[in-house]
Structure formats: C-alpha cells, structure tokens
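K.L.:
Input my_file.pdb, format and content: PDB, C-alpha atoms.
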ATOM      1  CA  MET E 825      -3.896  -5.373  15.461  1.00  0.00           C
ATOM      2  CA  LYS E 826      -5.603  -5.492  12.061  1.00  0.00           C
ATOM      3  CA  LYS E 827      -5.626  -2.590   9.590  1.00  0.00           C
ATOM      4  CA  PHE E 828      -7.610  -2.536   6.372  1.00  0.00           C
ATOM      5  CA  HIS E 829      -5.317  -2.323   3.318  1.00  0.00           C
ATOM      6  CA  LEU E 830      -6.329  -0.484   0.148  1.00  0.00           C
ATOM      7  CA  ALA E 831      -4.063  -0.260  -2.909  1.00  0.00           C
ATOM      8  CA  ILE E 832      -4.901   2.130  -5.761  1.00  0.00           C
ATOM      9  CA  SER E 833      -3.252   2.887  -9.090  1.00  0.00           C
ATOM     10  CA  THR E 834      -2.466   6.456 -10.141  1.00  0.00           C
ATOM     11  CA  ASN E 835      -0.681   8.303 -12.896  1.00  0.00           C
ATOM     12  CA  ARG E 836      -0.636  11.570 -10.902  1.00  0.00           C
ATOM     13  CA  MET E 837       1.661  10.774  -7.975  1.00  0.00           C
ATOM     14  CA  GLU E 838       2.366  14.274  -6.625  1.00  0.00           C
ATOM     15  CA  GLU E 839      -1.282  15.363  -6.764  1.00  0.00           C
ATOM     16  CA  THR E 840      -2.474  12.089  -5.259  1.00  0.00           C
ATOM     17  CA  ILE E 841       0.071  12.309  -2.421  1.00  0.00           C
ATOM     18  CA  ARG E 842      -1.127  15.831  -1.572  1.00  0.00           C
ATOM     19  CA  ASP E 843      -4.793  14.805  -1.791  1.00  0.00           C
ATOM     20  CA  TYR E 844      -4.483  11.603   0.270  1.00  0.00           C
ATOM     21  CA  SER E 845      -2.221  13.270   2.834  1.00  0.00           C
ATOM     22  CA  ALA E 846      -4.974  15.829   3.428  1.00  0.00           C
ATOM     23  CA  ARG E 847      -7.708  13.173   3.520  1.00  0.00           C
ATOM     24  CA  LEU E 848      -5.781  10.899   5.896  1.00  0.00           C
ATOM     25  CA  GLY E 849      -4.337  13.698   8.019  1.00  0.00           C
ATOM     26  CA  ALA E 850      -0.795  12.379   7.639  1.00  0.00           C
ATOM     27  CA  LYS E 851       2.128  12.308   5.247  1.00  0.00           C
ATOM     28  CA  PRO E 852       3.198   9.003   3.690  1.00  0.00           C
ATOM     29  CA  CYS E 853       5.431   6.867   5.881  1.00  0.00           C
ATOM     30  CA  SER E 854       7.192   5.528   2.778  1.00  0.00           C
ATOM     31  CA  MET E 855       7.649   7.114  -0.637  1.00  0.00           C
ATOM     32  CA  VAL E 856       9.484   6.258  -3.821  1.00  0.00           C
ATOM     33  CA  GLU E 857       9.666   9.342  -6.005  1.00  0.00           C
ATOM     34  CA  GLY E 858       7.229   9.122  -8.915  1.00  0.00           C
ATOM     35  CA  GLU E 859       6.285   5.479  -8.240  1.00  0.00           C
ATOM     36  CA  TYR E 860       4.868   4.626  -4.818  1.00  0.00           C
ATOM     37  CA  ALA E 861       3.557   6.004  -1.514  1.00  0.00           C
ATOM     38  CA  LEU E 862       2.261   4.323   1.650  1.00  0.00           C
ATOM     39  CA  TRP E 863       0.234   5.680   4.566  1.00  0.00           C
ATOM     40  CA  ARG E 864      -0.297   3.727   7.787  1.00  0.00           C
ATOM     41  CA  THR E 865      -2.877   5.240  10.135  1.00  0.00           C
ATOM     42  CA  ASP E 866      -4.379   3.649  13.245  1.00  0.00           C
ATOM     43  CA  ALA E 867      -7.070   1.981  11.147  1.00  0.00           C
ATOM     44  CA  LEU E 868      -5.815   2.004   7.541  1.00  0.00           C
ATOM     45  CA  ASN E 869      -2.908   0.924   5.384  1.00  0.00           C
ATOM     46  CA  VAL E 870      -3.249   2.769   2.039  1.00  0.00           C
ATOM     47  CA  SER E 871      -0.863   2.619  -0.882  1.00  0.00           C
ATOM     48  CA  ILE E 872      -0.776   4.288  -4.263  1.00  0.00           C
ATOM     49  CA  ARG E 873       1.399   3.156  -7.123  1.00  0.00           C
ATOM     50  CA  GLN E 874       2.119   4.207 -10.653  1.00  0.00           C
ATOM     51  CA  ASP E 875       1.214   0.874 -12.260  1.00  0.00           C
ATOM     52  CA  PRO E 876       1.064   0.658 -16.056  1.00  0.00           C
ATOM     53  CA  THR E 877      -0.954  -2.573 -15.807  1.00  0.00           C
ATOM     54  CA  CYS E 878      -3.856  -0.741 -14.096  1.00  0.00           C
ATOM     55  CA  LYS E 879      -6.043   2.115 -15.205  1.00  0.00           C
ATOM     56  CA  PRO E 880      -5.398   5.280 -13.120  1.00  0.00           C
ATOM     57  CA  GLY E 881      -7.758   5.359 -10.135  1.00  0.00           C
ATOM     58  CA  ALA E 882      -8.358   1.613 -10.325  1.00  0.00           C
ATOM     59  CA  LEU E 883      -8.317  -0.672  -7.334  1.00  0.00           C
ATOM     60  CA  ARG E 884      -5.104  -2.714  -7.411  1.00  0.00           C
ATOM     61  CA  HIS E 885      -6.015  -4.965  -4.465  1.00  0.00           C
ATOM     62  CA  LEU E 886      -7.429  -5.072  -0.925  1.00  0.00           C
ATOM     63  CA  GLY E 887      -6.273  -6.802   2.201  1.00  0.00           C
ATOM     64  CA  TRP E 888      -5.270  -6.772   5.828  1.00  0.00           C
ATOM     65  CA  GLU E 889      -2.161  -5.678   7.614  1.00  0.00           C
ATOM     66  CA  ASP E 890      -2.360  -8.185  10.458  1.00  0.00           C
ATOM     67  CA  ASP E 891       0.191  -8.633  13.248  1.00  0.00           C
ATOM     68  CA  THR E 892      -0.811 -12.317  13.479  1.00  0.00           C
ATOM     69  CA  ALA E 893      -0.244 -13.117   9.782  1.00  0.00           C
ATOM     70  CA  GLU E 894       2.230 -15.891   9.146  1.00  0.00           C
ATOM     71  CA  GLY E 895       4.002 -14.399   6.151  1.00  0.00           C
ATOM     72  CA  PHE E 896       2.565 -12.750   3.074  1.00  0.00           C
ATOM     73  CA  THR E 897      -0.472 -14.453   1.511  1.00  0.00           C
ATOM     74  CA  GLN E 898      -2.942 -13.536  -1.186  1.00  0.00           C
ATOM     75  CA  ASP E 899      -6.043 -14.999  -2.748  1.00  0.00           C
ATOM     76  CA  ALA E 900      -8.983 -13.798  -4.813  1.00  0.00           C
ATOM     77  CA  ASP E 901     -12.566 -13.324  -3.679  1.00  0.00           C
ATOM     78  CA  VAL E 902     -15.645 -14.393  -5.660  1.00  0.00           C
ATOM     79  CA  ASN E 903     -15.434 -11.137  -7.658  1.00  0.00           C
ATOM     80  CA  GLY E 904     -11.831 -11.713  -8.711  1.00  0.00           C
ATOM     81  CA  ILE E 905     -10.436  -9.032  -6.368  1.00  0.00           C
ATOM     82  CA  THR E 906      -7.051  -9.913  -4.932  1.00  0.00           C
ATOM     83  CA  TRP E 907      -6.888  -9.862  -1.123  1.00  0.00           C
ATOM     84  CA  GLU E 908      -3.540  -9.811   0.664  1.00  0.00           C
ATOM     85  CA  ARG E 909      -2.705 -10.575   4.287  1.00  0.00           C
ATOM     86  CA  PHE E 910       0.646  -9.577   5.746  1.00  0.00           C
ATOM     87  CA  ARG E 911       2.505  -8.172   8.721  1.00  0.00           C
ATOM     88  CA  ALA E 912       3.950  -4.647   8.493  1.00  0.00           C
ATOM     89  CA  GLU E 913       7.410  -6.232   8.261  1.00  0.00           C
ATOM     90  CA  ASP E 914       6.324  -8.354   5.264  1.00  0.00           C
ATOM     91  CA  GLN E 915       5.135  -5.230   3.477  1.00  0.00           C
ATOM     92  CA  ALA E 916       8.421  -3.460   4.283  1.00  0.00           C
ATOM     93  CA  ASP E 917      10.345  -6.408   2.821  1.00  0.00           C
ATOM     94  CA  GLU E 918       8.299  -6.200  -0.384  1.00  0.00           C
ATOM     95  CA  ILE E 919       8.775  -2.417  -0.675  1.00  0.00           C
ATOM     96  CA  ASN E 920      12.523  -2.674  -0.073  1.00  0.00           C
ATOM     97  CA  HIS E 921      12.811  -5.553  -2.544  1.00  0.00           C
ATOM     98  CA  LEU E 922      11.041  -3.582  -5.293  1.00  0.00           C
ATOM     99  CA  TRP E 923      12.762  -0.279  -4.491  1.00  0.00           C
ATOM    100  CA  SER E 924      16.043  -0.739  -2.642  1.00  0.00           C
ATOM    101  CA  GLN E 925      16.370   3.034  -2.249  1.00  0.00           C
ATOM    102  CA  ALA E 926      13.197   3.082  -0.111  1.00  0.00           C
ATOM    103  CA  LYS E 927      14.922   1.694   2.989  1.00  0.00           C
ATOM    104  CA  TYR E 928      11.484   1.493   4.605  1.00  0.00           C
ATOM    105  CA  ASN E 929      11.216   0.387   8.231  1.00  0.00           C
ATOM    106  CA  PRO E 930       7.686   0.236   9.703  1.00  0.00           C
ATOM    107  CA  ALA E 931       8.868   0.577  13.321  1.00  0.00           C
TER     108      ALA E 931
END
What is this file in structure tokens?
P.N.:
Amino acid sequence: MKKFHLAISTNRMEETIRDYSARLGAKPCSMVEGEYALWRTDALNVSIRQDPTCKPGALRHLGWEDDTAEGFTQDADVNGITWERFRAEDQADEINHLWSQAKYNPA
C-alpha cells in the first residue's frame, strides 16, 4: 500500500496537533512533546516538526510511505523539493533514532 507523505514545519506544536487531529479525524500515532507528531491515516502520512531550519508553516518535504520500498531513499524534484520513499518501519527507525523516548512502533 502507498500513502502520500507530507511533512510541515511548525512553531506552535500544541495548536497544530489539535488542528490537524480535527482535520484528519485522528490523534497522532507518535508524538514527541514539543518537537514532533505523526498521523497515519488510510491514505496519508502527515508529520509536523518544530524545525529551526524551516519557516513555520513551510513544507519540509513530500514523499511516499510504500510497503514495497527497499529502505529509505530521497531525491529532489525539478523544483528542489525533497521527496522521500520509505516503509513504515523505516520511518519508525528514524523517529526512534532521533528521539529515543518515542519508542514508536507502526504496527
């Protein structure tokens, strides 16, 4: 299965979590207090992150959560936008590497 991945920067984590939870009809499946949140719906994989290298509200990157991906890959499109391709397990590994307290398991 393929899910579209959208990653956005924010500097208002709590408000953004409330807003996106209402918009997506679900609570985040992974959260790191004040830094990161992830939603995985049937069609979407959406993450928000407090990222000082990006303007709040800016697109961080796009991509695909894809069960057939062979590891984590990324490249840039003709507009310079980074596109990632990964399995849910690859994303969990990245989250747990960045934030060991997350203990995220996509199963």
K.L.:
Output, as AutoDock Vina command-line options, the centre and edge lengths in Å (one decimal) of the axis-aligned box that contains all listed atoms of stretch 845-852 of chain E with 3 Å of margin on each side.
P.N.:
--center_x -2.3 --center_y 12.4 --center_z 5.4 --size_x 16.9 --size_y 12.8 --size_z 11.2
K.L.:
Point out the residue among E:His885, E:Glu839, E:Thr865, E:Ala831 with the least atom-to-atom distance to E:Ala900, counting only C-alpha atoms.
P.N.:
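Looking at the shortest contact to E:Ala900, the residue is E:His885.
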K.L.:
In Å, rounded to a single decimal, give me how far atom CA of E:Asp890 is from atom CA of E:Arg842.
P.N.:
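Atom CA of E:Arg842 sits 26.9 Å away from atom CA of E:Asp890.
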K.L.:
Tell me which protein, DNA and RNA residues are within 9 Å of E:Arg836, counting only C-alpha atoms, leaving out same-chain ones fewer than 5 positions away, and put them as a list in words.
P.N.:
Ile841, Gly858, Gln874 and Pro880 of chain E
K.L.:
Would you be able to write out as a ChimeraX atom specification which residues have an atom within 6 Å of (0.4, 2.7, -12.2) in the file's coordinates, counting all atoms listed in the file?
P.N.:
/E:833-835,873-876,878
K.L.:
For E:Lys879, which residue out of E:Ala912, E:Val902, E:Ile832, E:Ala850 is the nearest one, using all atoms listed in the file?
P.N.:
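The shortest atom-to-atom distance to E:Lys879 comes from E:Ile832.
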K.L.:
Distance atom CA of E:Ile872-atom CA of E:Tyr860, one decimal place?
P.N.:
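Answer for the atom CA of E:Ile872 to atom CA of E:Tyr860 separation: 5.7 Å.
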K.L.:
Here's the selection I'm unsure about, the PyMOL selection byres ((chain E and resi 895) around 7); applied to the file above, which residues does it give, as a list of chain:residue names?
P.N.:
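Output of the PyMOL selection byres ((chain E and resi 895) around 7): E:Ala893, E:Glu894, E:Phe896, E:Thr897, E:Phe910, E:Arg911, E:Asp914.
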K.L.:
Go ahead and write the residues just picked, C-alpha atoms, as a PDB file, in the frame of the given file.
P.N.:
ATOM      1  CA  ALA E 893      -0.244 -13.117   9.782  1.00  0.00           C
ATOM      2  CA  GLU E 894       2.230 -15.891   9.146  1.00  0.00           C
ATOM      3  CA  PHE E 896       2.565 -12.750   3.074  1.00  0.00           C
ATOM      4  CA  THR E 897      -0.472 -14.453   1.511  1.00  0.00           C
ATOM      5  CA  PHE E 910       0.646  -9.577   5.746  1.00  0.00           C
ATOM      6  CA  ARG E 911       2.505  -8.172   8.721  1.00  0.00           C
ATOM      7  CA  ASP E 914       6.324  -8.354   5.264  1.00  0.00           C
TER       8      ASP E 914
END
K.L.:
Could you tell me which residues the PyMOL selection byres ((chain E and resi 863) around 6) grabs in this file, written as an MDAnalysis selection string?
P.N.:
chainID E and resid 852:853 862 864 869:870
K.L.:
Which neighbours of E:Tyr928 fall inside 10 Å, counting all atoms listed in the file, when residues of the same chain fewer than 5 positions from it are skipped, and could you give them as a PyMOL selection string?
P.N.:
chain E and resi 853-856+913+915-920+923
K.L.:
If you count only C-alpha atoms, which residues fall within 10 Å of E:Ile905, apart from same-chain ones fewer than 3 positions away, as a list in words?
P.N.:
Leu883, Arg884, His885, Leu886, Gly887, Asp899, Ala900, Asp901, Val902 and Glu908 of chain E
